[in-house]
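K.L.:
Pasting in a structure now, in structure tokens, and then I'll have a few things to ask.
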Amino acid sequence: MVKTRSAASEGQDFIISSLPPSPAQRRLALGVVLALMAAFVVAAGPLSTVPLARIDAFVPMYVAAMFVSDGITAVLLFAQFAILRSHALLAIASGYLFTALIVIPYGLTFPGAFAPEGLLGAGLQSPPWLYFLWHVGFPLSVTAYALLKNADPSKQRWKGTLTTAILLSAAVVVAAVCAATLLVTAGHALLPRLLRDTVSSAGPLYQSSAARIVLVNAVVALMVLWIRRGSVLDLWLTVVLCDYVIEISLFMIPVVVNRYSFGWYAGRFFGLLSGSLLLFVLLYEITILYAQTLRAVLAQRREREARLMTGDAVSATIAHEVKQPLSGMITNADAGLRWLDRSPPDLEEAKAAFEQIVADGHRAGAVIESIRAIFKKDAGNRTSLDVNDLIGEALALTRADLQSHRIMVEAEPNSHVPHVRGDRIQLQQVLLNLITNAIDSMAAKDGARVLRVRSEVHDTGSVIVSVADTGTGIASQELERIFNPLFTTKAGGMGMGLSICRSIIEDHDGRLWVAPNKPEGTVFHFMLLADGATSAVASLRRATRRRPA
């Protein structure tokens with residue numbers, strides 16, 4: 001039984017929570033972790049105790065940066081949850097929302113940030129306790145994400161409305177942050193003392209079981225995520241947790257924990273990096289996805305335009321090519337009616353006219369089949385042909401137009417020209433198009449009107465056919481565009497004749513080009529392989545297509 005995939009499951013292939021990381025991404029993540037470890041060695045070294053200037057504006061800027069980066073990350077993860085309805089994504093999005101919100105009371109209680117004793121007036125112990133609750137809550141959300149993401153697909157999708165899920169998660173997070181804030185402010189007297197003053201730490205907590213619980217919690221989250229890793233999101237959450245472990249380890253070193261030392265500022269750098277790292281990855285992946293989507297949309301649009309152009313080309317080709325035999329049928333029908341209207345009717349002439357109508361009808365059908373063969377690249381009807389016969393047939397079909405426009409024809413057969421191999425109807429259409437264009441060009445001007453159709457043998461043994469006229473000619477700026485589809489210099493033209501001619505000739509491993517005729521007019525040349533030419537010559541012809549003569 002064939003299994004089908006839903007649109008949501010197919011969409012997972014493009015979202016970082018399901019997309020497997022590339023080797024380059026793994027190498028980059030490893031490089032970031034190694035850089036963090038090197039930075040930890042520097043921050044925990046002799047420089048860690050170096051006191052730096054106290055910048056009261058640093059903490060508000062740090063809190064604002066953490067709130068913005070974690071808040072945007074939470075929004076982006078909630079957006080991915082809205083697409084996939086994954087409980088795991090809801091858990092990690094809630095974790096980032098928790099970190100974005102808990103930094104607000106952290107900054108409001110920090111001494112010197114907004115007020116000498118903090119805006120909430122909760123005392124010196126509130127900021128460090130909020131800091132540790134912050135660094136307990138986020139790893140717990142990562143653990144929940146790791147445990148939920150590989151659950152049964154039929155059970156891991158949210159069944160209710162998306163708004164309900166997001167609002168409920170936000171409400172739980174807000175309640176947790178409010179409870180933590182209430183605990184460390186109103187109940188700060190019940191909590192162990194962490195600071196002696198606004199600068200120095202008391203020290204015991206950093207070696208106590210509470211500190212180790214915070215570190216173990218982060219390490220456990222890292223191990224669970226590592227065991228169940230598999231996506232780009234897992235990879236970079238692993239890097240974020242490594243940064244968390246390094247940050248917590250840095251503040252467990254007694255000589256580092258004094259505020260406004262080099263080590264303390266370095267710890268805030270690690271915290272800011274942990275908050276912004278996944279945001280950068282999400283923005284990068286979303287940008288790449290947007291670029292891929294844009295390219296796909298543009299490619300689809302180009303494909304649609306190409307289909308429309310092909311449809312226009314086919315319809316214009318049919319109209320252009322069938323126009324000639326239809327005109328002949330109308331002319332012969334009028335002639336037949338005139339022969340019948342005589343008294344007595346000239347039945348023989350009428351019969352000849354009607355026979356010509358039948359011939360034109362068959363030719364129209366052959367032209368349509370020829371057009372289908374052009375677009376299908378069908379070479380099944382090719383036979384050995386005499387070029388002189390093709391020229392004679394084309395001139396015979398256009399004799400009426402040549403005579404009505406008083407055009408003198410110069411077309412002596414060349415007995416030295418070898419046969420060519422091709423489709424008779426298609427090559428005849430090429431000659432008819434070129435001769436008809438020459439007639440139209442000469443009909444628009446006064447003076448001598450001479451049509452010269454010649455065939456000759458090229459140095460390579462191929463056959464060159466030339467159709468020269470003494471008409472108005474083609475402007476130099478139009479020579480390169482004259483073979484483009486739908487481009488025409490005639491008021492009533494469709495712009496498909498010469499494009500079709502070039503397609504036919506190139507499909508016969510030949511080439512078609514145009515040049516000015518001296519002293520006036522235009523000459524079209526096309527070259528065809530002699531019947532029996534080797535494949536090497538054919539390859540040479542393909543290589544020289546569309547090159548100017």
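In the structure tokens, each chain is lettered A, B, ... as it comes, each chain's residues begin at 1, and ligands are numbered from 1 in order of appearance.
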List the neighbours of Val177 in chain A out to 8 Å using only C-alpha atoms; skip same-chain residues closer than 2 positions along the sequence, and give me the result as number ranges by chain.

P.N.:
A: 98, 101-102, 173-175, 179-181

K.L.:
Kindly save the residues from that selection, with N, CA, C and O atoms included, as a tab-separated table (two decimals), in the first residue's frame.

P.N.:
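The result, written out as again-v7.tsv:
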```
chain	number	residue	atom	x	y	z
A	98	PHE	N	10.10	32.31	28.95
A	98	PHE	CA	10.45	32.40	30.38
A	98	PHE	C	11.71	33.20	30.59
A	98	PHE	O	11.76	34.09	31.46
A	101	LEU	N	11.11	36.93	29.99
A	101	LEU	CA	10.33	37.64	31.00
A	101	LEU	C	11.04	37.74	32.35
A	101	LEU	O	10.90	38.75	33.06
A	102	ILE	N	11.80	36.72	32.73
A	102	ILE	CA	12.41	36.73	34.06
A	102	ILE	C	13.55	37.73	34.17
A	102	ILE	O	13.93	38.15	35.27
A	173	VAL	N	3.79	30.60	31.75
A	173	VAL	CA	5.11	31.21	31.90
A	173	VAL	C	5.02	32.48	32.72
A	173	VAL	O	5.84	32.73	33.63
A	174	VAL	N	4.05	33.32	32.43
A	174	VAL	CA	3.88	34.56	33.19
A	174	VAL	C	3.62	34.25	34.66
A	174	VAL	O	4.17	34.90	35.56
A	175	ALA	N	2.79	33.24	34.92
A	175	ALA	CA	2.52	32.86	36.30
A	175	ALA	C	3.79	32.38	37.00
A	175	ALA	O	4.02	32.72	38.18
A	179	ALA	N	5.45	34.17	40.18
A	179	ALA	CA	5.67	33.42	41.42
A	179	ALA	C	7.13	33.52	41.86
A	179	ALA	O	7.41	33.70	43.06
A	180	ALA	N	8.06	33.38	40.90
A	180	ALA	CA	9.47	33.50	41.24
A	180	ALA	C	9.80	34.89	41.76
A	180	ALA	O	10.55	35.05	42.75
A	181	THR	N	9.23	35.91	41.12
A	181	THR	CA	9.48	37.28	41.56
A	181	THR	C	8.92	37.51	42.96
A	181	THR	O	9.57	38.14	43.83
```

K.L.:
Give the answer as one residue: which of A:Leu215, A:Trp158, A:Leu282, A:Pro116 has the shortest atom-to-atom distance to Leu250 in chain A, using only C-alpha atoms?

P.N.:
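Of the candidates, the smallest distance to Leu250 in chain A is held by A:Leu215.
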
K.L.:
With a distance cut-off of 10 Å and only C-alpha atoms, select the neighbouring residues of His135 in chain A, excluding the residue or stretch itself and same-chain residues fewer than 5 positions from it, and output the selection as a list in words.

P.N.:
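Skipping anything fewer than 5 positions along the chain leaves Thr99, Trp129, Leu130, Leu140, Val214, Leu215, Asn217, Ala218, Tyr244, Val245, Glu247, Ile248 and Gly271 of chain A.
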
K.L.:
Output N, CA and C atoms for every residue in that selection, as a PDB file, in the first residue's frame.

P.N.:
```pdb
ATOM      1  N   THR A  99      12.755  32.942  29.817  1.00  0.00           N
ATOM      2  CA  THR A  99      14.007  33.689  29.979  1.00  0.00           C
ATOM      3  C   THR A  99      13.836  35.156  29.593  1.00  0.00           C
ATOM      4  N   TRP A 129      19.144  35.165  43.279  1.00  0.00           N
ATOM      5  CA  TRP A 129      18.162  34.088  43.276  1.00  0.00           C
ATOM      6  C   TRP A 129      17.380  34.061  41.968  1.00  0.00           C
ATOM      7  N   LEU A 130      17.032  35.232  41.449  1.00  0.00           N
ATOM      8  CA  LEU A 130      16.360  35.257  40.147  1.00  0.00           C
ATOM      9  C   LEU A 130      17.267  34.709  39.056  1.00  0.00           C
ATOM     10  N   LEU A 140      15.245  23.127  32.027  1.00  0.00           N
ATOM     11  CA  LEU A 140      14.086  22.245  32.172  1.00  0.00           C
ATOM     12  C   LEU A 140      13.222  22.263  30.914  1.00  0.00           C
ATOM     13  N   VAL A 214      21.924  23.485  40.153  1.00  0.00           N
ATOM     14  CA  VAL A 214      21.769  24.295  38.950  1.00  0.00           C
ATOM     15  C   VAL A 214      22.648  23.770  37.830  1.00  0.00           C
ATOM     16  N   LEU A 215      23.895  23.450  38.173  1.00  0.00           N
ATOM     17  CA  LEU A 215      24.822  22.953  37.152  1.00  0.00           C
ATOM     18  C   LEU A 215      24.401  21.576  36.648  1.00  0.00           C
ATOM     19  N   ASN A 217      21.469  20.291  36.623  1.00  0.00           N
ATOM     20  CA  ASN A 217      20.259  20.436  35.828  1.00  0.00           C
ATOM     21  C   ASN A 217      20.600  20.778  34.379  1.00  0.00           C
ATOM     22  N   ALA A 218      21.550  21.687  34.183  1.00  0.00           N
ATOM     23  CA  ALA A 218      21.958  22.055  32.827  1.00  0.00           C
ATOM     24  C   ALA A 218      22.666  20.900  32.131  1.00  0.00           C
ATOM     25  N   TYR A 244      25.517  27.601  28.530  1.00  0.00           N
ATOM     26  CA  TYR A 244      24.937  27.680  29.871  1.00  0.00           C
ATOM     27  C   TYR A 244      25.837  27.020  30.898  1.00  0.00           C
ATOM     28  N   VAL A 245      26.333  25.829  30.576  1.00  0.00           N
ATOM     29  CA  VAL A 245      27.205  25.108  31.504  1.00  0.00           C
ATOM     30  C   VAL A 245      28.464  25.917  31.783  1.00  0.00           C
ATOM     31  N   GLU A 247      28.808  29.187  31.534  1.00  0.00           N
ATOM     32  CA  GLU A 247      28.440  30.387  32.314  1.00  0.00           C
ATOM     33  C   GLU A 247      28.248  30.042  33.782  1.00  0.00           C
ATOM     34  N   ILE A 248      27.521  28.946  34.063  1.00  0.00           N
ATOM     35  CA  ILE A 248      27.274  28.560  35.456  1.00  0.00           C
ATOM     36  C   ILE A 248      28.581  28.146  36.130  1.00  0.00           C
ATOM     37  N   GLY A 271      26.101  34.906  28.943  1.00  0.00           N
ATOM     38  CA  GLY A 271      24.650  34.913  29.021  1.00  0.00           C
ATOM     39  C   GLY A 271      24.001  35.553  27.801  1.00  0.00           C
TER      40      GLY A 271
END
```

K.L.:
Could you check which of A:Pro325, A:Gly118, A:Pro344, A:Pro519 is closest to Leu432 in chain A, using only C-alpha atoms?

P.N.:
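Answer, going by the shortest atom-to-atom distance: A:Pro325.
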
K.L.:
Considering only C-alpha atoms, return as a VMD selection string whatever protein or nucleic-acid residues lie within 12 Å of Tyr62 in chain A, sequence-local ones (same chain, fewer than 2 positions apart) excluded.

P.N.:
chain A and resid 55 to 60 64 to 70 100 103 to 104 106 to 107 110 113 265 267 to 273 275 to 276

K.L.:
Using the chain letters and numbers from this document, which residues of range 396-529 of chain A does DSSP assign to helix (DSSP H, G or I), as a PyMOL selection string?

P.N.:
chain A and resi 396-397+399-404+424-443+476-478+497-507

K.L.:
Just the residues within 12 Å of range 468-472 of chain A, please, counting only C-alpha atoms, with nothing from its chain fewer than 2 positions along; format it as a PDB file with N, CA and C atoms, in the first residue's frame.

P.N.:
```pdb
ATOM      1  N   ILE A 407       7.451  40.204 -60.280  1.00  0.00           N
ATOM      2  CA  ILE A 407       8.793  39.897 -59.779  1.00  0.00           C
ATOM      3  C   ILE A 407       9.458  38.919 -60.735  1.00  0.00           C
ATOM      4  N   MET A 408      10.670  39.265 -61.149  1.00  0.00           N
ATOM      5  CA  MET A 408      11.445  38.396 -62.018  1.00  0.00           C
ATOM      6  C   MET A 408      12.201  37.375 -61.165  1.00  0.00           C
ATOM      7  N   VAL A 409      12.141  36.124 -61.596  1.00  0.00           N
ATOM      8  CA  VAL A 409      12.755  35.036 -60.830  1.00  0.00           C
ATOM      9  C   VAL A 409      13.990  34.538 -61.561  1.00  0.00           C
ATOM     10  N   GLU A 410      15.077  34.410 -60.818  1.00  0.00           N
ATOM     11  CA  GLU A 410      16.314  33.810 -61.325  1.00  0.00           C
ATOM     12  C   GLU A 410      16.587  32.580 -60.474  1.00  0.00           C
ATOM     13  N   ALA A 411      16.393  31.410 -61.070  1.00  0.00           N
ATOM     14  CA  ALA A 411      16.575  30.164 -60.320  1.00  0.00           C
ATOM     15  C   ALA A 411      16.948  29.052 -61.279  1.00  0.00           C
ATOM     16  N   LEU A 431      11.465  27.259 -47.439  1.00  0.00           N
ATOM     17  CA  LEU A 431      11.586  27.984 -48.707  1.00  0.00           C
ATOM     18  C   LEU A 431      10.368  28.870 -48.957  1.00  0.00           C
ATOM     19  N   LEU A 434      10.669  32.003 -46.775  1.00  0.00           N
ATOM     20  CA  LEU A 434      11.700  32.932 -47.243  1.00  0.00           C
ATOM     21  C   LEU A 434      11.269  33.616 -48.536  1.00  0.00           C
ATOM     22  N   ILE A 435      10.657  32.870 -49.439  1.00  0.00           N
ATOM     23  CA  ILE A 435      10.204  33.468 -50.702  1.00  0.00           C
ATOM     24  C   ILE A 435       9.061  34.441 -50.455  1.00  0.00           C
ATOM     25  N   THR A 436       8.118  34.068 -49.583  1.00  0.00           N
ATOM     26  CA  THR A 436       6.997  34.960 -49.270  1.00  0.00           C
ATOM     27  C   THR A 436       7.499  36.254 -48.627  1.00  0.00           C
ATOM     28  N   ASN A 437       8.469  36.159 -47.711  1.00  0.00           N
ATOM     29  CA  ASN A 437       9.037  37.362 -47.098  1.00  0.00           C
ATOM     30  C   ASN A 437       9.711  38.234 -48.148  1.00  0.00           C
ATOM     31  N   ALA A 438      10.396  37.600 -49.102  1.00  0.00           N
ATOM     32  CA  ALA A 438      11.043  38.367 -50.169  1.00  0.00           C
ATOM     33  C   ALA A 438       9.996  39.084 -51.028  1.00  0.00           C
ATOM     34  N   ILE A 439       8.895  38.404 -51.325  1.00  0.00           N
ATOM     35  CA  ILE A 439       7.827  39.034 -52.108  1.00  0.00           C
ATOM     36  C   ILE A 439       7.263  40.240 -51.362  1.00  0.00           C
ATOM     37  N   ASP A 440       6.976  40.089 -50.067  1.00  0.00           N
ATOM     38  CA  ASP A 440       6.433  41.193 -49.276  1.00  0.00           C
ATOM     39  C   ASP A 440       7.409  42.364 -49.212  1.00  0.00           C
ATOM     40  N   SER A 441       8.699  42.056 -49.112  1.00  0.00           N
ATOM     41  CA  SER A 441       9.697  43.123 -49.034  1.00  0.00           C
ATOM     42  C   SER A 441       9.776  43.898 -50.344  1.00  0.00           C
ATOM     43  N   MET A 442       9.728  43.193 -51.481  1.00  0.00           N
ATOM     44  CA  MET A 442       9.831  43.872 -52.770  1.00  0.00           C
ATOM     45  C   MET A 442       8.527  44.556 -53.162  1.00  0.00           C
ATOM     46  N   ALA A 443       7.386  44.064 -52.665  1.00  0.00           N
ATOM     47  CA  ALA A 443       6.098  44.685 -52.992  1.00  0.00           C
ATOM     48  C   ALA A 443       5.965  46.059 -52.367  1.00  0.00           C
ATOM     49  N   ALA A 444       6.768  46.333 -51.343  1.00  0.00           N
ATOM     50  CA  ALA A 444       6.658  47.599 -50.628  1.00  0.00           C
ATOM     51  C   ALA A 444       7.517  48.700 -51.243  1.00  0.00           C
ATOM     52  N   LYS A 445       8.191  48.441 -52.355  1.00  0.00           N
ATOM     53  CA  LYS A 445       9.046  49.465 -52.953  1.00  0.00           C
ATOM     54  C   LYS A 445       8.930  49.408 -54.475  1.00  0.00           C
ATOM     55  N   ASP A 446       9.308  50.514 -55.070  1.00  0.00           N
ATOM     56  CA  ASP A 446       9.346  50.577 -56.527  1.00  0.00           C
ATOM     57  C   ASP A 446      10.724  50.172 -57.024  1.00  0.00           C
ATOM     58  N   GLY A 447      10.859  50.064 -58.303  1.00  0.00           N
ATOM     59  CA  GLY A 447      12.138  49.705 -58.880  1.00  0.00           C
ATOM     60  C   GLY A 447      12.175  48.257 -59.294  1.00  0.00           C
ATOM     61  N   ALA A 448      13.366  47.815 -59.632  1.00  0.00           N
ATOM     62  CA  ALA A 448      13.539  46.435 -60.092  1.00  0.00           C
ATOM     63  C   ALA A 448      13.219  45.458 -58.978  1.00  0.00           C
ATOM     64  N   ARG A 449      12.476  44.429 -59.355  1.00  0.00           N
ATOM     65  CA  ARG A 449      12.111  43.401 -58.382  1.00  0.00           C
ATOM     66  C   ARG A 449      12.622  42.066 -58.902  1.00  0.00           C
ATOM     67  N   VAL A 450      13.662  41.593 -58.250  1.00  0.00           N
ATOM     68  CA  VAL A 450      14.325  40.361 -58.689  1.00  0.00           C
ATOM     69  C   VAL A 450      14.443  39.424 -57.495  1.00  0.00           C
ATOM     70  N   LEU A 451      13.973  38.208 -57.693  1.00  0.00           N
ATOM     71  CA  LEU A 451      14.129  37.152 -56.695  1.00  0.00           C
ATOM     72  C   LEU A 451      15.128  36.147 -57.242  1.00  0.00           C
ATOM     73  N   ARG A 452      16.196  35.962 -56.505  1.00  0.00           N
ATOM     74  CA  ARG A 452      17.244  35.039 -56.939  1.00  0.00           C
ATOM     75  C   ARG A 452      17.333  33.894 -55.934  1.00  0.00           C
ATOM     76  N   VAL A 453      17.084  32.676 -56.386  1.00  0.00           N
ATOM     77  CA  VAL A 453      17.162  31.488 -55.537  1.00  0.00           C
ATOM     78  C   VAL A 453      18.240  30.594 -56.108  1.00  0.00           C
ATOM     79  N   ARG A 454      19.257  30.340 -55.314  1.00  0.00           N
ATOM     80  CA  ARG A 454      20.412  29.577 -55.802  1.00  0.00           C
ATOM     81  C   ARG A 454      20.740  28.458 -54.834  1.00  0.00           C
ATOM     82  N   SER A 455      21.361  27.443 -55.347  1.00  0.00           N
ATOM     83  CA  SER A 455      21.897  26.361 -54.524  1.00  0.00           C
ATOM     84  C   SER A 455      23.320  26.101 -54.966  1.00  0.00           C
ATOM     85  N   VAL A 465      21.649  26.969 -49.689  1.00  0.00           N
ATOM     86  CA  VAL A 465      20.561  27.532 -50.476  1.00  0.00           C
ATOM     87  C   VAL A 465      20.429  29.002 -50.096  1.00  0.00           C
ATOM     88  N   SER A 466      20.375  29.890 -51.110  1.00  0.00           N
ATOM     89  CA  SER A 466      20.278  31.329 -50.876  1.00  0.00           C
ATOM     90  C   SER A 466      19.012  31.859 -51.519  1.00  0.00           C
ATOM     91  N   ILE A 474      16.743  44.883 -44.333  1.00  0.00           N
ATOM     92  CA  ILE A 474      16.543  44.793 -42.880  1.00  0.00           C
ATOM     93  C   ILE A 474      17.548  45.719 -42.206  1.00  0.00           C
ATOM     94  N   ALA A 475      17.065  46.552 -41.288  1.00  0.00           N
ATOM     95  CA  ALA A 475      17.948  47.469 -40.574  1.00  0.00           C
ATOM     96  C   ALA A 475      18.986  46.686 -39.777  1.00  0.00           C
ATOM     97  N   THR A 489       8.825  42.702 -38.456  1.00  0.00           N
ATOM     98  CA  THR A 489       8.972  44.048 -39.023  1.00  0.00           C
ATOM     99  C   THR A 489       7.796  44.391 -39.922  1.00  0.00           C
ATOM    100  N   LYS A 490       6.844  43.453 -40.056  1.00  0.00           N
ATOM    101  CA  LYS A 490       5.680  43.677 -40.924  1.00  0.00           C
ATOM    102  C   LYS A 490       4.475  44.029 -40.061  1.00  0.00           C
ATOM    103  N   VAL A 514      21.257  35.510 -42.074  1.00  0.00           N
ATOM    104  CA  VAL A 514      20.814  36.571 -42.966  1.00  0.00           C
ATOM    105  C   VAL A 514      21.966  37.559 -43.165  1.00  0.00           C
ATOM    106  N   ALA A 515      21.965  38.182 -44.343  1.00  0.00           N
ATOM    107  CA  ALA A 515      22.996  39.171 -44.658  1.00  0.00           C
ATOM    108  C   ALA A 515      22.399  40.193 -45.623  1.00  0.00           C
ATOM    109  N   PRO A 516      22.938  41.403 -45.662  1.00  0.00           N
ATOM    110  CA  PRO A 516      22.467  42.390 -46.645  1.00  0.00           C
ATOM    111  C   PRO A 516      22.800  41.940 -48.064  1.00  0.00           C
ATOM    112  N   ASN A 517      21.913  42.237 -48.985  1.00  0.00           N
ATOM    113  CA  ASN A 517      22.147  41.951 -50.402  1.00  0.00           C
ATOM    114  C   ASN A 517      22.722  43.205 -51.061  1.00  0.00           C
ATOM    115  N   LYS A 518      23.656  43.040 -51.918  1.00  0.00           N
ATOM    116  CA  LYS A 518      24.291  44.168 -52.609  1.00  0.00           C
ATOM    117  C   LYS A 518      23.714  44.310 -54.009  1.00  0.00           C
ATOM    118  N   PRO A 519      23.285  45.497 -54.413  1.00  0.00           N
ATOM    119  CA  PRO A 519      23.373  46.777 -53.675  1.00  0.00           C
ATOM    120  C   PRO A 519      22.202  47.051 -52.766  1.00  0.00           C
ATOM    121  N   GLU A 520      21.102  46.295 -52.878  1.00  0.00           N
ATOM    122  CA  GLU A 520      19.939  46.532 -52.030  1.00  0.00           C
ATOM    123  C   GLU A 520      19.225  45.222 -51.786  1.00  0.00           C
ATOM    124  N   GLY A 521      18.454  45.221 -50.667  1.00  0.00           N
ATOM    125  CA  GLY A 521      17.699  44.027 -50.344  1.00  0.00           C
ATOM    126  C   GLY A 521      18.364  43.162 -49.283  1.00  0.00           C
ATOM    127  N   THR A 522      17.914  41.928 -49.218  1.00  0.00           N
ATOM    128  CA  THR A 522      18.361  40.993 -48.187  1.00  0.00           C
ATOM    129  C   THR A 522      18.557  39.627 -48.815  1.00  0.00           C
ATOM    130  N   VAL A 523      19.493  38.875 -48.270  1.00  0.00           N
ATOM    131  CA  VAL A 523      19.708  37.509 -48.716  1.00  0.00           C
ATOM    132  C   VAL A 523      19.740  36.594 -47.502  1.00  0.00           C
ATOM    133  N   PHE A 524      18.917  35.557 -47.536  1.00  0.00           N
ATOM    134  CA  PHE A 524      18.897  34.534 -46.492  1.00  0.00           C
ATOM    135  C   PHE A 524      19.615  33.298 -47.020  1.00  0.00           C
ATOM    136  N   HIS A 525      20.469  32.729 -46.183  1.00  0.00           N
ATOM    137  CA  HIS A 525      21.187  31.501 -46.519  1.00  0.00           C
ATOM    138  C   HIS A 525      20.837  30.433 -45.495  1.00  0.00           C
ATOM    139  N   PHE A 526      20.697  29.207 -45.970  1.00  0.00           N
ATOM    140  CA  PHE A 526      20.668  28.098 -45.024  1.00  0.00           C
ATOM    141  C   PHE A 526      21.496  26.951 -45.582  1.00  0.00           C
TER     142      PHE A 526
END
```

K.L.:
For the atom pair CA of Ala352 in chain A and CA of Arg399 in chain A, what is the interatomic distance in Å to one decimal place?

P.N.:
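Separation of CA of Ala352 in chain A and CA of Arg399 in chain A: 16.4 Å.
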